[in-house]
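In what follows, a structure is listed as structure tokens, so that the remarks can point back to it.
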Protein chains: 4
Amino acid sequence: MTGGFRFRLTGRTPPLDVEGWRRRAGRRVPPMVWAYIENGADTERTLGENRSAYRDWYLNQRVLTRTTDVDLTTTVAGTRLDLPVAVAPVGLAGAAHWHGDLGLARAAERSGTRMVLSSASTYSIEEVARGTDERHWFQLYPWGDRALTASLMDRARDSGFTALFVTVDVPVYGNRLRERRTGMGLPPTLTPRRVLQAALRPRWAYAYLRHRRTTLRNLVPDGTRGTAVESVTVQSENLTADIGWNDLEWIRSRWDGPLFVKGVLHPDDAERVVDLGADGVVVSNHGGRQLDAVQPTVRALPAVAQRVGHRAEVLVDGGIRSGADVAVALALGARACLVGRPAVYGLAGGGADGVAEVLRILREELVRNLTMMGVAASADLAPHHLTPAPR
Amino acid sequence: MTGGFRFRLTGRTPPLDVEGWRRRAGRRVPPMVWAYIENGADTERTLGENRSAYRDWYLNQRVLTRTTDVDLTTTVAGTRLDLPVAVAPVGLAGAAHWHGDLGLARAAERSGTRMVLSSASTYSIEEVARGTDERHWFQLYPWGDRALTASLMDRARDSGFTALFVTVDVPVYGNRLRERRTGMGLPPTLTPRRVLQAALRPRWAYAYLRHRRTTLRNLVPDGTRGTAVESVTVQSENLTADIGWNDLEWIRSRWDGPLFVKGVLHPDDAERVVDLGADGVVVSNHGGRQLDAVQPTVRALPAVAQRVGHRAEVLVDGGIRSGADVAVALALGARACLVGRPAVYGLAGGGADGVAEVLRILREELVRNLTMMGVAASADLAPHHLTPAPR
Amino acid sequence: MTGGFRFRLTGRTPPLDVEGWRRRAGRRVPPMVWAYIENGADTERTLGENRSAYRDWYLNQRVLTRTTDVDLTTTVAGTRLDLPVAVAPVGLAGAAHWHGDLGLARAAERSGTRMVLSSASTYSIEEVARGTDERHWFQLYPWGDRALTASLMDRARDSGFTALFVTVDVPVYGNRLRERRTGMGLPPTLTPRRVLQAALRPRWAYAYLRHRRTTLRNLVPDGTRGTAVESVTVQSENLTADIGWNDLEWIRSRWDGPLFVKGVLHPDDAERVVDLGADGVVVSNHGGRQLDAVQPTVRALPAVAQRVGHRAEVLVDGGIRSGADVAVALALGARACLVGRPAVYGLAGGGADGVAEVLRILREELVRNLTMMGVAASADLAPHHLTPAPR
Amino acid sequence: MTGGFRFRLTGRTPPLDVEGWRRRAGRRVPPMVWAYIENGADTERTLGENRSAYRDWYLNQRVLTRTTDVDLTTTVAGTRLDLPVAVAPVGLAGAAHWHGDLGLARAAERSGTRMVLSSASTYSIEEVARGTDERHWFQLYPWGDRALTASLMDRARDSGFTALFVTVDVPVYGNRLRERRTGMGLPPTLTPRRVLQAALRPRWAYAYLRHRRTTLRNLVPDGTRGTAVESVTVQSENLTADIGWNDLEWIRSRWDGPLFVKGVLHPDDAERVVDLGADGVVVSNHGGRQLDAVQPTVRALPAVAQRVGHRAEVLVDGGIRSGADVAVALALGARACLVGRPAVYGLAGGGADGVAEVLRILREELVRNLTMMGVAASADLAPHHLTPAPR
């Protein structure tokens, strides 16, 4: 058994695809955190279809195209990105890994892209601004308390965040059964069994105790005992369904920079959002975590892109796990994709490096796919690069 | 592991959805009772499709709708309900829990709705009337013996039941294999093994021996030995296929109050029923327990609603397990839904309190869904709130 | 635990549906015989779709129809049948149970219907004629040897068989992998393991040794050692693809009675068959045992029925396991169904009594279904009694 | 248990279908080789659909057609073949069995057909030429190095290869996760566990050590230690996406004989290939090993055949595992099929004899199918011999 082989003692390789990072993440965090990351609302039908609906489409292969240097650059919210994938806002990122939102942001900028910082972040707006080299984007829940909302917008602007993403699909908190069953409620509930499960992930548990990045630092000053309860109280008290188009107008009037509205699925809503002055929309169902039984995003995307794509930037998230998924989304009219869970898988599995690795995998897959599709620039992707799959 | 968490000794939570109540119910009752509750006719194809066909539709999400106070009220049979869900008639409810039909009725009225009392109830018409605060509805099998039928109608009217639901889809008893295999025939057959299985559910077995609520109290006077045989004999002797439109006319002529015909799937039948003076129809296939291979109700509903919805009240049952299912049914033309098995799951799992909890879950799910759909009142639901799902 | 129950020592019930008889049969015969009964050609795609394609259709329920006396009679080949189901020709029936073809025939006539005796029967034409009260039908392979073919026709006529079923879908023997893998080739191959497996079914093994009904008695005189080899040699030598329309003409010219052609799927073939003077066709793919990847019969049936149904009798076999399946087939244009495997399940599981029980179950299911469909006579079934199921 | 049976000590039979040969092959080679043979790119969606998409179609059965002598001959690239199936080019064939490419070629010619020798073969062009009786075909990667490419063409021509198959669907190497996970990268990586796994297949391991047919003999002179690394280096260095239509023109200008372009899925590409002077195209997605999420070949075939079938030879590969699959492909417009994995299954499972046996099985299945379809010559197959299957 010699001759032309390389020898190693173990065959363990780092994950080769997003699914591999998902599995690694599942081994690294305690079950209650895993439930929080993975679960969707109610029956998780939309969660599942967000992924499976990408099989509605085939990628078209073309040959002898001399596609040697695939250009993945795009411009989103006035920022030039090296790849058409940015990091979606994710709440409580510090629970996955103490690097948290800061790790996501650093990995994003290392990868030539940006992160959308969640309002429910575990590093404050200012901490993320100080810890990064580039100017990122900020996600805002339009809370009922306008003073609080305004203060977050001011802090984000003052800290140099260039674009605002207003999430409109959480008038109420989605009914996420797995996290409720494992105690990830408001506040989280611990039992002896759950403490033991966490202790069996000593790397995670040590980091948790050492860094305590599981409170919402934009809402409460620090991580001392009691602030977690306070932070969830602040958030849940401010969550309200009493939010309407005039609130969006008010936000638009107070924010000079690019403004995106996240959580739009209906083309009529997309149109009104753009009429109101938004620069873009994110076609999103909140990763299947809000209204279960709603369309998967890749099926909602074409109608939205057709309605407002000529005068606004259309992004999409939900179910994207590969470069092929990105290619489908772009061909159907998205300018870029946001990835939430994939980034969190990388974070949970390897901190900021893991996130960067996930983004590298997506980039590599996308380049490979476009090379074989004979598409020299991801921005050129169009419906004729796809074929509908029979069902 | 401190800071912002709540501590408890155990993570056991009450069921969070109807499926959870189903599982609990399955652990509480003996296998032969469970078979009776769960089984459908023949291959159980219709039983299964009753549920899966709800995936024909997506709910439409709308944003910034300022939907803060969702109105679930409706009026069925002249009774104002706080939610568009009532309890379907279920035979032999006392086998699930000794609270039986009385528990179902009490839970329904606590929840702001009503129960349809089965002819095959384990509490008599009079017992239910005495034990409840509100006036409920009564289900009638149009038995061959007109004197018996008339006496039930008279008793129901005299006891204050306001509406009559005439079940027309049991000209013969459906071929339910699971209950036949476990001995739930007419009469039930016990074996040493089955007695042992019941003994392993001591809470159920004790209540059975103590309360003996497993005979049909509308047909036989009390629960002494022998009356169960007598009650099933009465029922099976009176079950007949020799029932026609003139029998319905006769019933209509003898009942002054609202009259619904339950078990209608074909729009021509629905039209004739309404022409004959019925106030409403229940689109039903008897929970998949009668004609196997018949359409699931949610697929039969639209044609019926289109044909008679403008001049009669259209209800539907079969396969409804969540607020999302209720929303689909209402958008397709139902005025309200009836739930049979979900109520029995609650009953078996927790008596009257369990039933109330199931109804509370359905209400909460429906409110949450409508909030995210931007629908302020369930009565406003219409086809444009849905999108057909590709198959 | 008293009061209204019946007590028994065991809950074992006889099978309640065809599937139950299938499971019983599988326990009674050795694996190699089971493989022969159950297997289809190649990948068994057609075998599977023969059954699943019945889910293309829903039965329509109608109410208040006063359907009390369902009439199942029909006339096939000039013979009045009490139910629209006859027993299909099955080869080597004696391997399932020593009652063999005689058991099938006796059960059929006890059930008010008829059997089509296979050329490859384990009781000779004369034995079956002597052992039965009614005149049955005879199936003929159009072997290359016209003298042999003619002699079989003469013997069938002389023995009183009234109708001839010419099987045309075996120009070559289908590639049935399961029977080949278990040694059921030509001739069957025994190994120590297979002998042991048979010995573990002592009831079957004893009957096999006692009655030796596993040779083709129409082709060889008796069951002595060596005749099995001889019989398969005769059959395989005579099997030929060199059979054409003129052979059918020749058969037609030599047979005065009703003549059916079995194994027709294409409407052009059906038309030519009828033009040539056949009285009927059997839409059949030989139970999925011949050309794999061919249409399931229930999907081929409508076009054939539409083409020749007005001037010929159209029968169908393949995949029928319930009264609901029979109802679908009749509604799509079949005059009656043939059942092969269901009859063999009954035979293997209980001899002639088992076959009669299977036919009783089908009858009971069909009556129950038609009652709920409001169809007073199975002969009235038509496409409007069905609704296409979405796929 | 006597009478008409054959006795044997064991029931072990040789595989009866391609799937059986697949299972045998999986038991014979080490896991890392098996991963290399079996895997597809990324999620392996296309790999799976290549097979399942053959279920889009039913074969039409016709009767009484007197089809006794099915003619399977066809002419591909000017060579008359006895069956419309040739052996696809497969890289690293020697890893499956030391007979390698030479075994494939010999089995092909014994079976009346030809092999396409891979550039990445483990026997050199000259070795294969010397070891065979017929003139086979040669597959060429259009490497960036024109001198290398030209030298391979010259060597193929000088060695008597008659046709050239230019593979155009590998501008980059597909992302095959299973082979990467098991160490089959460039170069292969061994671990103690993998060595052990190989040692547990002693027949394979011995042959490997004895014959060392796992290097690319067209690129490096022999199999000494180090040459494997060298060979993969040569190949990967020369693999380039910088290949365009002018490269194909150049190849066309340098090759006098028949020229096929392999890896075409889009009809526009097929047209341009033929305009450029190619004699044929192979509709191929490289066995699902390159662009995942691309159409299965049987779905891409009809459009290509319709566009260029009248003036070029259209071949197809991917997912073909049976004579029925071949029949579908031919009916949809293919002149012949190429089989890669089926041939390798035969090779791994039984060397050259195994390959011949696989080809024999395919032939036998195809003859049987065409007999029952009433198609006297495979070249007559046309769309009207198929019926689309509902989905």
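Here, A, B, ... name the chains of the structure tokens in the order displayed, residue numbers run from 1 inside each chain, and ligands are numbered from 1 in the same displayed order.
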Practice item. From a DSSP pass on the backbone, collect the residues of stretch 133-239 of chain A flagged as strand (DSSP E or B) and hand them back as a ChimeraX atom specification. Key: /A:137-140,163-167,176,189-190
Using only C-alpha atoms, determine which residues lie at most 9 Å from C:Val63, disregarding the query and same-chain residues fewer than 2 positions distant; provide the list as a compact mmCIF listing (two decimals) with C-alpha atoms, in the first residue's frame.
```
# COMPACT_ATOMS: atom_id res chain seq x y z
CA VAL B 168 -76.44 11.58 7.11
CA ASP B 169 -73.18 9.78 6.29
CA VAL B 170 -73.82 6.59 8.26
CA PRO B 171 -76.30 4.60 6.22
CA ILE B 243 -83.23 6.84 4.94
CA GLY B 244 -84.05 9.37 2.27
CA TRP B 245 -84.85 12.95 1.60
CA GLY B 263 -71.78 14.55 6.35
CA VAL B 264 -72.26 16.36 3.07
CA LEU B 265 -69.43 16.39 0.52
CA HIS B 266 -71.10 16.81 -2.86
CA ASP B 269 -76.34 17.24 -1.98
CA GLN C 61 -70.15 10.01 -1.33
CA THR C 65 -80.14 7.97 -1.17
CA ARG C 66 -82.13 5.17 0.43
CA MET C 372 -72.46 5.21 0.92
CA MET C 373 -72.02 6.32 -2.68
CA GLY C 374 -75.75 5.97 -3.21
```
Point to revise | Interface, chain D side, toward chain C (8 Å; only C-alpha atoms) as number ranges by chain | key: D: 1-11, 13, 16, 55, 57-68, 324, 368-369, 371-372, 387, 389, 391
Practice item. Could you pull out the residues in stretch 101-168 of chain C that DSSP calls alpha helix (DSSP H) from the backbone, as a ChimeraX atom specification? Key: /C:101-110,125-131,146-158
Requested write-out: C-alpha atoms of the selected residues, as a PDB file, in the first residue's frame:
```
ATOM      1  CA  ASP C 101     -57.309 -24.704  -8.942  1.00  0.00           C
ATOM      2  CA  LEU C 102     -60.129 -26.893  -7.745  1.00  0.00           C
ATOM      3  CA  GLY C 103     -60.302 -24.918  -4.526  1.00  0.00           C
ATOM      4  CA  LEU C 104     -60.355 -21.672  -6.454  1.00  0.00           C
ATOM      5  CA  ALA C 105     -63.166 -22.908  -8.699  1.00  0.00           C
ATOM      6  CA  ARG C 106     -65.281 -24.255  -5.875  1.00  0.00           C
ATOM      7  CA  ALA C 107     -64.865 -21.065  -3.869  1.00  0.00           C
ATOM      8  CA  ALA C 108     -65.765 -18.993  -6.907  1.00  0.00           C
ATOM      9  CA  GLU C 109     -68.971 -20.866  -7.535  1.00  0.00           C
ATOM     10  CA  ARG C 110     -69.898 -20.840  -3.851  1.00  0.00           C
ATOM     11  CA  ILE C 125     -59.252 -29.497 -17.077  1.00  0.00           C
ATOM     12  CA  GLU C 126     -61.163 -32.679 -16.509  1.00  0.00           C
ATOM     13  CA  GLU C 127     -60.469 -32.821 -12.800  1.00  0.00           C
ATOM     14  CA  VAL C 128     -61.795 -29.306 -12.344  1.00  0.00           C
ATOM     15  CA  ALA C 129     -64.854 -30.019 -14.466  1.00  0.00           C
ATOM     16  CA  ARG C 130     -65.637 -33.144 -12.485  1.00  0.00           C
ATOM     17  CA  GLY C 131     -65.101 -31.413  -9.157  1.00  0.00           C
ATOM     18  CA  ARG C 146     -51.151 -25.736 -32.767  1.00  0.00           C
ATOM     19  CA  ALA C 147     -51.971 -29.374 -32.146  1.00  0.00           C
ATOM     20  CA  LEU C 148     -51.357 -28.929 -28.428  1.00  0.00           C
ATOM     21  CA  THR C 149     -53.306 -25.687 -28.396  1.00  0.00           C
ATOM     22  CA  ALA C 150     -56.200 -27.253 -30.241  1.00  0.00           C
ATOM     23  CA  SER C 151     -56.240 -30.237 -27.924  1.00  0.00           C
ATOM     24  CA  LEU C 152     -56.507 -27.964 -24.895  1.00  0.00           C
ATOM     25  CA  MET C 153     -59.367 -26.056 -26.504  1.00  0.00           C
ATOM     26  CA  ASP C 154     -61.136 -29.315 -27.321  1.00  0.00           C
ATOM     27  CA  ARG C 155     -60.681 -30.646 -23.839  1.00  0.00           C
ATOM     28  CA  ALA C 156     -61.982 -27.394 -22.346  1.00  0.00           C
ATOM     29  CA  ARG C 157     -65.034 -27.410 -24.598  1.00  0.00           C
ATOM     30  CA  ASP C 158     -65.686 -31.083 -23.983  1.00  0.00           C
TER      31      ASP C 158
END
```
Practice item. Go ahead and compute the interatomic distance for atom CA of B:Leu216 and atom CA of B:Ser159, in Å to one decimal. Key: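 Result for atom CA of B:Leu216 versus atom CA of B:Ser159: 17.4 Å, one decimal.
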Point to revise | Within 10 Å of C:Gly20 using only C-alpha atoms, minus same-chain residues under 6 positions, as a PyMOL selection string | key: chain C and resi 14+26+345-346+349+358
Practice item. One decimal, Å: what's the distance from atom CA of C:Arg252 over to atom CA of C:Val116, could you say? Key: 17.8 Å
